[in-house]
file my_file18.pdb (PDB, N, CA and C atoms)
MODEL        1
ATOM      1  N   LYS A   1      53.173   7.482   5.517
ATOM      2  CA  LYS A   1      51.947   7.265   6.264
ATOM      3  C   LYS A   1      50.864   6.690   5.354
ATOM      4  N   GLN A   2      50.805   7.140   4.135
ATOM      5  CA  GLN A   2      49.814   6.651   3.172
ATOM      6  C   GLN A   2      49.938   5.140   2.982
ATOM      7  N   ILE A   3      51.160   4.631   2.859
ATOM      8  CA  ILE A   3      51.380   3.201   2.645
ATOM      9  C   ILE A   3      50.909   2.407   3.855
ATOM     10  N   ARG A   4      51.145   2.888   5.044
ATOM     11  CA  ARG A   4      50.717   2.190   6.251
ATOM     12  C   ARG A   4      49.200   2.057   6.307
ATOM     13  N   GLN A   5      48.487   3.028   5.783
ATOM     14  CA  GLN A   5      47.026   2.966   5.783
ATOM     15  C   GLN A   5      46.521   1.964   4.754
ATOM     16  N   VAL A   6      47.205   1.817   3.651
ATOM     17  CA  VAL A   6      46.770   0.914   2.585
ATOM     18  C   VAL A   6      46.975  -0.544   2.988
ATOM     19  N   VAL A   7      48.078  -0.865   3.631
ATOM     20  CA  VAL A   7      48.391  -2.246   3.985
ATOM     21  C   VAL A   7      47.312  -2.876   4.861
ATOM     22  N   PRO A   8      46.839  -2.221   5.942
ATOM     23  CA  PRO A   8      45.771  -2.841   6.728
ATOM     24  C   PRO A   8      44.486  -3.053   5.925
ATOM     25  N   ILE A   9      44.171  -2.145   5.020
ATOM     26  CA  ILE A   9      42.965  -2.288   4.201
ATOM     27  C   ILE A   9      43.104  -3.497   3.289
ATOM     28  N   VAL A  10      44.261  -3.666   2.669
ATOM     29  CA  VAL A  10      44.494  -4.815   1.793
ATOM     30  C   VAL A  10      44.413  -6.105   2.602
ATOM     31  N   SER A  11      44.995  -6.128   3.788
ATOM     32  CA  SER A  11      44.942  -7.309   4.647
ATOM     33  C   SER A  11      43.503  -7.619   5.035
ATOM     34  N   GLU A  12      42.735  -6.588   5.366
ATOM     35  CA  GLU A  12      41.342  -6.788   5.742
ATOM     36  C   GLU A  12      40.542  -7.342   4.571
ATOM     37  N   ILE A  13      40.726  -6.785   3.387
ATOM     38  CA  ILE A  13      40.010  -7.253   2.203
ATOM     39  C   ILE A  13      40.370  -8.713   1.924
ATOM     40  N   SER A  14      41.625  -9.071   2.026
ATOM     41  CA  SER A  14      42.050 -10.456   1.802
ATOM     42  C   SER A  14      41.397 -11.398   2.802
ATOM     43  N   ARG A  15      41.364 -10.989   4.047
ATOM     44  CA  ARG A  15      40.744 -11.812   5.094
ATOM     45  C   ARG A  15      39.249 -11.956   4.843
ATOM     46  N   LEU A  16      38.600 -10.859   4.491
ATOM     47  CA  LEU A  16      37.164 -10.898   4.232
ATOM     48  C   LEU A  16      36.847 -11.724   2.988
ATOM     49  N   LYS A  17      37.700 -11.629   1.979
ATOM     50  CA  LYS A  17      37.474 -12.417   0.762
ATOM     51  C   LYS A  17      37.503 -13.903   1.100
ATOM     52  N   TRP A  18      38.418 -14.283   1.978
ATOM     53  CA  TRP A  18      38.487 -15.683   2.406
ATOM     54  C   TRP A  18      37.194 -16.076   3.124
ATOM     55  N   GLN A  19      36.664 -15.182   3.958
ATOM     56  CA  GLN A  19      35.419 -15.465   4.676
ATOM     57  C   GLN A  19      34.214 -15.529   3.735
ATOM     58  N   CYS A  20      34.291 -14.911   2.571
ATOM     59  CA  CYS A  20      33.196 -14.938   1.595
ATOM     60  C   CYS A  20      33.039 -16.301   0.945
ATOM     61  N   ARG A  21      34.047 -17.131   1.046
ATOM     62  CA  ARG A  21      33.997 -18.456   0.422
ATOM     63  C   ARG A  21      33.225 -19.401   1.334
ATOM     64  N   ARG A  22      32.015 -19.723   0.911
ATOM     65  CA  ARG A  22      31.113 -20.503   1.752
ATOM     66  C   ARG A  22      30.790 -21.875   1.191
ATOM     67  N   GLY A  23      31.192 -22.176  -0.035
ATOM     68  CA  GLY A  23      30.945 -23.496  -0.577
ATOM     69  C   GLY A  23      29.796 -23.576  -1.572
ATOM     70  N   MET A  24      29.013 -22.522  -1.689
ATOM     71  CA  MET A  24      27.980 -22.463  -2.723
ATOM     72  C   MET A  24      28.426 -21.403  -3.713
ATOM     73  N   ARG A  25      28.735 -21.815  -4.919
ATOM     74  CA  ARG A  25      29.353 -20.914  -5.897
ATOM     75  C   ARG A  25      28.594 -19.602  -6.064
ATOM     76  N   GLU A  26      27.269 -19.682  -6.218
ATOM     77  CA  GLU A  26      26.471 -18.477  -6.459
ATOM     78  C   GLU A  26      26.571 -17.498  -5.288
ATOM     79  N   LEU A  27      26.516 -18.043  -4.075
ATOM     80  CA  LEU A  27      26.604 -17.174  -2.894
ATOM     81  C   LEU A  27      28.016 -16.637  -2.717
ATOM     82  N   ASP A  28      29.007 -17.467  -2.983
ATOM     83  CA  ASP A  28      30.399 -17.010  -2.913
ATOM     84  C   ASP A  28      30.605 -15.823  -3.854
ATOM     85  N   GLU A  29      30.115 -15.966  -5.084
ATOM     86  CA  GLU A  29      30.285 -14.903  -6.074
ATOM     87  C   GLU A  29      29.544 -13.632  -5.661
ATOM     88  N   LEU A  30      28.369 -13.787  -5.086
ATOM     89  CA  LEU A  30      27.588 -12.639  -4.620
ATOM     90  C   LEU A  30      28.340 -11.880  -3.532
ATOM     91  N   LEU A  31      28.851 -12.604  -2.547
ATOM     92  CA  LEU A  31      29.564 -11.973  -1.438
ATOM     93  C   LEU A  31      30.871 -11.328  -1.904
ATOM     94  N   VAL A  32      31.620 -12.020  -2.753
ATOM     95  CA  VAL A  32      32.886 -11.472  -3.244
ATOM     96  C   VAL A  32      32.629 -10.242  -4.113
ATOM     97  N   ARG A  33      31.590 -10.298  -4.944
ATOM     98  CA  ARG A  33      31.264  -9.143  -5.795
ATOM     99  C   ARG A  33      30.940  -7.925  -4.936
ATOM    100  N   TYR A  34      30.154  -8.131  -3.881
ATOM    101  CA  TYR A  34      29.841  -7.014  -2.985
ATOM    102  C   TYR A  34      31.122  -6.489  -2.332
ATOM    103  N   LEU A  35      31.945  -7.388  -1.838
ATOM    104  CA  LEU A  35      33.191  -6.990  -1.188
ATOM    105  C   LEU A  35      34.057  -6.168  -2.138
ATOM    106  N   GLU A  36      34.233  -6.643  -3.348
ATOM    107  CA  GLU A  36      35.123  -5.966  -4.299
ATOM    108  C   GLU A  36      34.532  -4.671  -4.848
ATOM    109  N   ASP A  37      33.227  -4.623  -5.048
ATOM    110  CA  ASP A  37      32.608  -3.469  -5.709
ATOM    111  C   ASP A  37      32.056  -2.415  -4.754
ATOM    112  N   CYS A  38      31.705  -2.808  -3.546
ATOM    113  CA  CYS A  38      30.954  -1.892  -2.679
ATOM    114  C   CYS A  38      31.581  -1.629  -1.313
ATOM    115  N   TYR A  39      32.275  -2.600  -0.769
ATOM    116  CA  TYR A  39      32.728  -2.527   0.623
ATOM    117  C   TYR A  39      33.576  -1.296   0.908
ATOM    118  N   ALA A  40      34.519  -0.985   0.052
ATOM    119  CA  ALA A  40      35.451   0.125   0.311
ATOM    120  C   ALA A  40      34.741   1.464   0.473
ATOM    121  N   SER A  41      33.622   1.642  -0.221
ATOM    122  CA  SER A  41      32.903   2.920  -0.148
ATOM    123  C   SER A  41      31.790   2.924   0.902
ATOM    124  N   ASP A  42      31.599   1.814   1.592
ATOM    125  CA  ASP A  42      30.564   1.733   2.626
ATOM    126  C   ASP A  42      30.927   2.573   3.845
ATOM    127  N   SER A  43      29.896   2.946   4.588
ATOM    128  CA  SER A  43      30.121   3.607   5.881
ATOM    129  C   SER A  43      30.701   2.573   6.852
ATOM    130  N   GLU A  44      31.256   3.032   7.937
ATOM    131  CA  GLU A  44      31.808   2.116   8.940
ATOM    132  C   GLU A  44      30.716   1.198   9.498
ATOM    133  N   ALA A  45      29.510   1.728   9.681
ATOM    134  CA  ALA A  45      28.392   0.909  10.181
ATOM    135  C   ALA A  45      28.032  -0.180   9.175
ATOM    136  N   ASP A  46      28.012   0.161   7.892
ATOM    137  CA  ASP A  46      27.702  -0.830   6.859
ATOM    138  C   ASP A  46      28.811  -1.879   6.749
ATOM    139  N   LYS A  47      30.051  -1.450   6.909
ATOM    140  CA  LYS A  47      31.165  -2.405   6.898
ATOM    141  C   LYS A  47      31.038  -3.380   8.068
ATOM    142  N   ALA A  48      30.703  -2.850   9.235
ATOM    143  CA  ALA A  48      30.535  -3.715  10.416
ATOM    144  C   ALA A  48      29.395  -4.700  10.200
ATOM    145  N   ALA A  49      28.315  -4.248   9.584
ATOM    146  CA  ALA A  49      27.178  -5.140   9.315
ATOM    147  C   ALA A  49      27.575  -6.228   8.322
ATOM    148  N   PHE A  50      28.345  -5.883   7.298
ATOM    149  CA  PHE A  50      28.805  -6.882   6.335
ATOM    150  C   PHE A  50      29.696  -7.911   7.027
ATOM    151  N   ARG A  51      30.594  -7.447   7.883
ATOM    152  CA  ARG A  51      31.454  -8.383   8.623
ATOM    153  C   ARG A  51      30.609  -9.295   9.512
ATOM    154  N   ALA A  52      29.541  -8.759  10.096
ATOM    155  CA  ALA A  52      28.644  -9.575  10.920
ATOM    156  C   ALA A  52      27.935 -10.619  10.063
ATOM    157  N   VAL A  53      27.556 -10.260   8.850
ATOM    158  CA  VAL A  53      26.937 -11.218   7.930
ATOM    159  C   VAL A  53      27.893 -12.388   7.682
ATOM    160  N   LEU A  54      29.171 -12.084   7.510
ATOM    161  CA  LEU A  54      30.148 -13.135   7.238
ATOM    162  C   LEU A  54      30.370 -14.055   8.436
ATOM    163  N   GLU A  55      29.954 -13.622   9.609
ATOM    164  CA  GLU A  55      30.081 -14.450  10.816
ATOM    165  C   GLU A  55      28.894 -15.405  10.993
ATOM    166  N   LEU A  56      27.859 -15.230  10.187
ATOM    167  CA  LEU A  56      26.671 -16.079  10.308
ATOM    168  C   LEU A  56      26.987 -17.523   9.931
ATOM    169  N   ALA A  57      26.233 -18.434  10.511
ATOM    170  CA  ALA A  57      26.336 -19.840  10.127
ATOM    171  C   ALA A  57      25.862 -19.990   8.683
ATOM    172  N   ASP A  58      26.456 -20.919   7.967
ATOM    173  CA  ASP A  58      26.122 -21.102   6.553
ATOM    174  C   ASP A  58      24.624 -21.285   6.289
ATOM    175  N   PRO A  59      23.916 -22.127   7.049
ATOM    176  CA  PRO A  59      22.480 -22.288   6.763
ATOM    177  C   PRO A  59      21.697 -20.980   6.902
ATOM    178  N   ASP A  60      22.031 -20.170   7.892
ATOM    179  CA  ASP A  60      21.349 -18.884   8.076
ATOM    180  C   ASP A  60      21.682 -17.931   6.932
ATOM    181  N   LEU A  61      22.950 -17.835   6.600
ATOM    182  CA  LEU A  61      23.374 -16.943   5.519
ATOM    183  C   LEU A  61      22.703 -17.334   4.204
ATOM    184  N   ASN A  62      22.691 -18.618   3.914
ATOM    185  CA  ASN A  62      22.047 -19.093   2.690
ATOM    186  C   ASN A  62      20.566 -18.735   2.677
ATOM    187  N   ALA A  63      19.884 -18.961   3.784
ATOM    188  CA  ALA A  63      18.446 -18.666   3.861
ATOM    189  C   ALA A  63      18.186 -17.173   3.659
ATOM    190  N   TYR A  64      19.023 -16.323   4.222
ATOM    191  CA  TYR A  64      18.838 -14.874   4.079
ATOM    192  C   TYR A  64      19.122 -14.403   2.657
ATOM    193  N   LEU A  65      20.234 -14.869   2.079
ATOM    194  CA  LEU A  65      20.595 -14.417   0.737
ATOM    195  C   LEU A  65      19.674 -14.989  -0.342
ATOM    196  N   LEU A  66      19.103 -16.148  -0.068
ATOM    197  CA  LEU A  66      18.142 -16.728  -1.011
ATOM    198  C   LEU A  66      16.720 -16.255  -0.706
ATOM    199  N   GLN A  67      16.598 -15.380   0.271
ATOM    200  CA  GLN A  67      15.341 -14.748   0.671
ATOM    201  C   GLN A  67      14.284 -15.762   1.108
ATOM    202  N   ARG A  68      14.740 -16.803   1.782
ATOM    203  CA  ARG A  68      13.829 -17.799   2.356
ATOM    204  C   ARG A  68      13.446 -17.426   3.773
ATOM    205  N   GLN A  69      14.278 -16.606   4.411
ATOM    206  CA  GLN A  69      14.034 -16.120   5.763
ATOM    207  C   GLN A  69      14.462 -14.668   5.838
ATOM    208  N   VAL A  70      13.923 -13.972   6.838
ATOM    209  CA  VAL A  70      14.293 -12.577   7.085
ATOM    210  C   VAL A  70      15.040 -12.523   8.416
ATOM    211  N   PRO A  71      16.205 -11.905   8.447
ATOM    212  CA  PRO A  71      16.963 -11.806   9.699
ATOM    213  C   PRO A  71      16.195 -10.998  10.745
ATOM    214  N   SER A  72      16.318 -11.381  12.002
ATOM    215  CA  SER A  72      15.665 -10.624  13.074
ATOM    216  C   SER A  72      16.454  -9.359  13.415
ATOM    217  N   SER A  73      17.740  -9.362  13.168
ATOM    218  CA  SER A  73      18.589  -8.198  13.432
ATOM    219  C   SER A  73      18.421  -7.172  12.313
ATOM    220  N   GLU A  74      18.138  -5.941  12.688
ATOM    221  CA  GLU A  74      17.976  -4.878  11.685
ATOM    222  C   GLU A  74      19.264  -4.625  10.905
ATOM    223  N   SER A  75      20.402  -4.665  11.581
ATOM    224  CA  SER A  75      21.657  -4.394  10.873
ATOM    225  C   SER A  75      21.976  -5.517   9.886
ATOM    226  N   ILE A  76      21.710  -6.761  10.274
ATOM    227  CA  ILE A  76      21.939  -7.887   9.364
ATOM    228  C   ILE A  76      20.956  -7.805   8.197
ATOM    229  N   ALA A  77      19.688  -7.502   8.484
ATOM    230  CA  ALA A  77      18.677  -7.378   7.429
ATOM    231  C   ALA A  77      19.072  -6.277   6.443
ATOM    232  N   GLY A  78      19.572  -5.165   6.962
ATOM    233  CA  GLY A  78      20.007  -4.068   6.103
ATOM    234  C   GLY A  78      21.190  -4.470   5.237
ATOM    235  N   ALA A  79      22.123  -5.208   5.824
ATOM    236  CA  ALA A  79      23.296  -5.658   5.071
ATOM    237  C   ALA A  79      22.889  -6.638   3.975
ATOM    238  N   ILE A  80      21.996  -7.558   4.287
ATOM    239  CA  ILE A  80      21.517  -8.516   3.290
ATOM    240  C   ILE A  80      20.829  -7.767   2.153
ATOM    241  N   ASP A  81      20.006  -6.799   2.493
ATOM    242  CA  ASP A  81      19.320  -5.998   1.474
ATOM    243  C   ASP A  81      20.339  -5.267   0.584
ATOM    244  N   ARG A  82      21.350  -4.653   1.198
ATOM    245  CA  ARG A  82      22.380  -3.944   0.427
ATOM    246  C   ARG A  82      23.131  -4.904  -0.499
ATOM    247  N   ILE A  83      23.478  -6.076   0.015
ATOM    248  CA  ILE A  83      24.195  -7.060  -0.799
ATOM    249  C   ILE A  83      23.351  -7.438  -2.009
ATOM    250  N   LEU A  84      22.086  -7.727  -1.784
ATOM    251  CA  LEU A  84      21.223  -8.153  -2.889
ATOM    252  C   LEU A  84      20.972  -7.015  -3.891
ATOM    253  N   ARG A  85      20.722  -5.823  -3.396
ATOM    254  CA  ARG A  85      20.446  -4.682  -4.284
ATOM    255  C   ARG A  85      21.665  -4.272  -5.093
ATOM    256  N   ARG A  86      22.811  -4.240  -4.446
ATOM    257  CA  ARG A  86      23.997  -3.669  -5.093
ATOM    258  C   ARG A  86      24.776  -4.661  -5.938
ATOM    259  N   THR A  87      24.368  -5.927  -5.907
ATOM    260  CA  THR A  87      25.086  -6.921  -6.707
ATOM    261  C   THR A  87      24.222  -7.498  -7.822
ATOM    262  N   GLN A  88      23.029  -6.988  -7.983
ATOM    263  CA  GLN A  88      22.180  -7.489  -9.075
ATOM    264  C   GLN A  88      22.787  -7.074 -10.407
ATOM    265  N   ALA A  89      22.830  -8.029 -11.294
ATOM    266  CA  ALA A  89      23.434  -7.768 -12.618
ATOM    267  C   ALA A  89      22.464  -7.040 -13.529
TER     268      ALA A  89
ENDMDL
END

call {"tool": "encode", "arguments": {"input": "my_file18.pdb", "output": "structure tokens"}}
result
Amino acid sequence: KQIRQVVPIVSEISRLKWQCRRGMRELDELLVRYLEDCYASDSEADKAAFRAVLELADPDLNAYLLQRQVPSSESIAGAIDRILRRTQA
């Protein structure tokens, strides 16, 4: 049973890692770093918010992560804040 639980998590992480690749190296690295370092320990609500962030159009995602705009959605705003706070070097 333990192995069955690990396989879906690995598949999900692989799929999400692919979605983190957006074409801007700095943003790609930021998203992948968050995924690898923080996602597994996030609450289900935070995981859902991160997945929603990955569904954003590239111009919106770039504007939010570069702090040029603030998302109107509280869950997206919270996810962007977590990504920026938890991935600062």

call {"tool": "select_by_dssp", "arguments": {"input": "my_file18.pdb", "residues": "chain A", "states": "alpha helix (DSSP H)", "output": "number ranges by chain"}}
result
A: 2-20, 25-37, 44-54, 58-65, 74-86

call {"tool": "residues_around", "arguments": {"input": "my_file18.pdb", "residues": "range 58-60 of chain A", "least_positions_apart": "6", "cutoff": "12 Å", "atoms": "only C-alpha atoms", "output": "VMD selection string"}}
result
chain A and resid 19 to 24 27 to 28 66 to 72 76 to 77 80

call {"tool": "write_last_selection", "arguments": {"input": "my_file18.pdb", "atoms": "N, CA and C atoms", "output": "short mmCIF file (atom, residue, chain, number, x, y, z; two decimals), keeping the file's coordinate frame"}}
result
data_model
loop_
_atom_site.label_atom_id
_atom_site.label_comp_id
_atom_site.auth_asym_id
_atom_site.auth_seq_id
_atom_site.Cartn_x
_atom_site.Cartn_y
_atom_site.Cartn_z
N GLN A 19 36.66 -15.18 3.96
CA GLN A 19 35.42 -15.46 4.68
C GLN A 19 34.21 -15.53 3.74
N CYS A 20 34.29 -14.91 2.57
CA CYS A 20 33.20 -14.94 1.60
C CYS A 20 33.04 -16.30 0.94
N ARG A 21 34.05 -17.13 1.05
CA ARG A 21 34.00 -18.46 0.42
C ARG A 21 33.22 -19.40 1.33
N ARG A 22 32.02 -19.72 0.91
CA ARG A 22 31.11 -20.50 1.75
C ARG A 22 30.79 -21.88 1.19
N GLY A 23 31.19 -22.18 -0.04
CA GLY A 23 30.94 -23.50 -0.58
C GLY A 23 29.80 -23.58 -1.57
N MET A 24 29.01 -22.52 -1.69
CA MET A 24 27.98 -22.46 -2.72
C MET A 24 28.43 -21.40 -3.71
N LEU A 27 26.52 -18.04 -4.08
CA LEU A 27 26.60 -17.17 -2.89
C LEU A 27 28.02 -16.64 -2.72
N ASP A 28 29.01 -17.47 -2.98
CA ASP A 28 30.40 -17.01 -2.91
C ASP A 28 30.60 -15.82 -3.85
N LEU A 66 19.10 -16.15 -0.07
CA LEU A 66 18.14 -16.73 -1.01
C LEU A 66 16.72 -16.26 -0.71
N GLN A 67 16.60 -15.38 0.27
CA GLN A 67 15.34 -14.75 0.67
C GLN A 67 14.28 -15.76 1.11
N ARG A 68 14.74 -16.80 1.78
CA ARG A 68 13.83 -17.80 2.36
C ARG A 68 13.45 -17.43 3.77
N GLN A 69 14.28 -16.61 4.41
CA GLN A 69 14.03 -16.12 5.76
C GLN A 69 14.46 -14.67 5.84
N VAL A 70 13.92 -13.97 6.84
CA VAL A 70 14.29 -12.58 7.08
C VAL A 70 15.04 -12.52 8.42
N PRO A 71 16.20 -11.90 8.45
CA PRO A 71 16.96 -11.81 9.70
C PRO A 71 16.20 -11.00 10.74
N SER A 72 16.32 -11.38 12.00
CA SER A 72 15.66 -10.62 13.07
C SER A 72 16.45 -9.36 13.42
N ILE A 76 21.71 -6.76 10.27
CA ILE A 76 21.94 -7.89 9.36
C ILE A 76 20.96 -7.80 8.20
N ALA A 77 19.69 -7.50 8.48
CA ALA A 77 18.68 -7.38 7.43
C ALA A 77 19.07 -6.28 6.44
N ILE A 80 22.00 -7.56 4.29
CA ILE A 80 21.52 -8.52 3.29
C ILE A 80 20.83 -7.77 2.15
#

call {"tool": "atom_distance", "arguments": {"input": "my_file18.pdb", "atom1": "CA of Arg85 in chain A", "atom2": "CA of Ser14 in chain A"}}
result
23.2 Å

call {"tool": "closest_residue", "arguments": {"input": "my_file18.pdb", "among": "A:Ala57, A:Ala63, A:Ala52, A:Leu30", "to": "Ile83 in chain A", "atoms": "all atoms listed in the file"}}
result
A:Leu30

call {"tool": "axis_aligned_box", "arguments": {"input": "my_file18.pdb", "around": "range 24-27 of chain A", "padding_each_side": "4 Å", "output": "lines of an AutoDock Vina configuration file"}}
result
center_x = 27.9
center_y = -19.6
center_z = -4.1
size_x = 10.9
size_y = 13.9
size_z = 12.8

call {"tool": "atom_distance", "arguments": {"input": "my_file18.pdb", "atom1": "CA of Leu65 in chain A", "atom2": "atom C of Arg82 in chain A"}}
result
9.9 Å

call {"tool": "closest_residue", "arguments": {"input": "my_file18.pdb", "among": "A:Asp81, A:Arg86, A:Arg15, A:Arg25", "to": "Leu54 in chain A", "atoms": "only C-alpha atoms"}}
result
A:Arg15

call {"tool": "atom_distance", "arguments": {"input": "my_file18.pdb", "atom1": "CA of Val10 in chain A", "atom2": "CA of Tyr64 in chain A"}}
result
27.7 Å
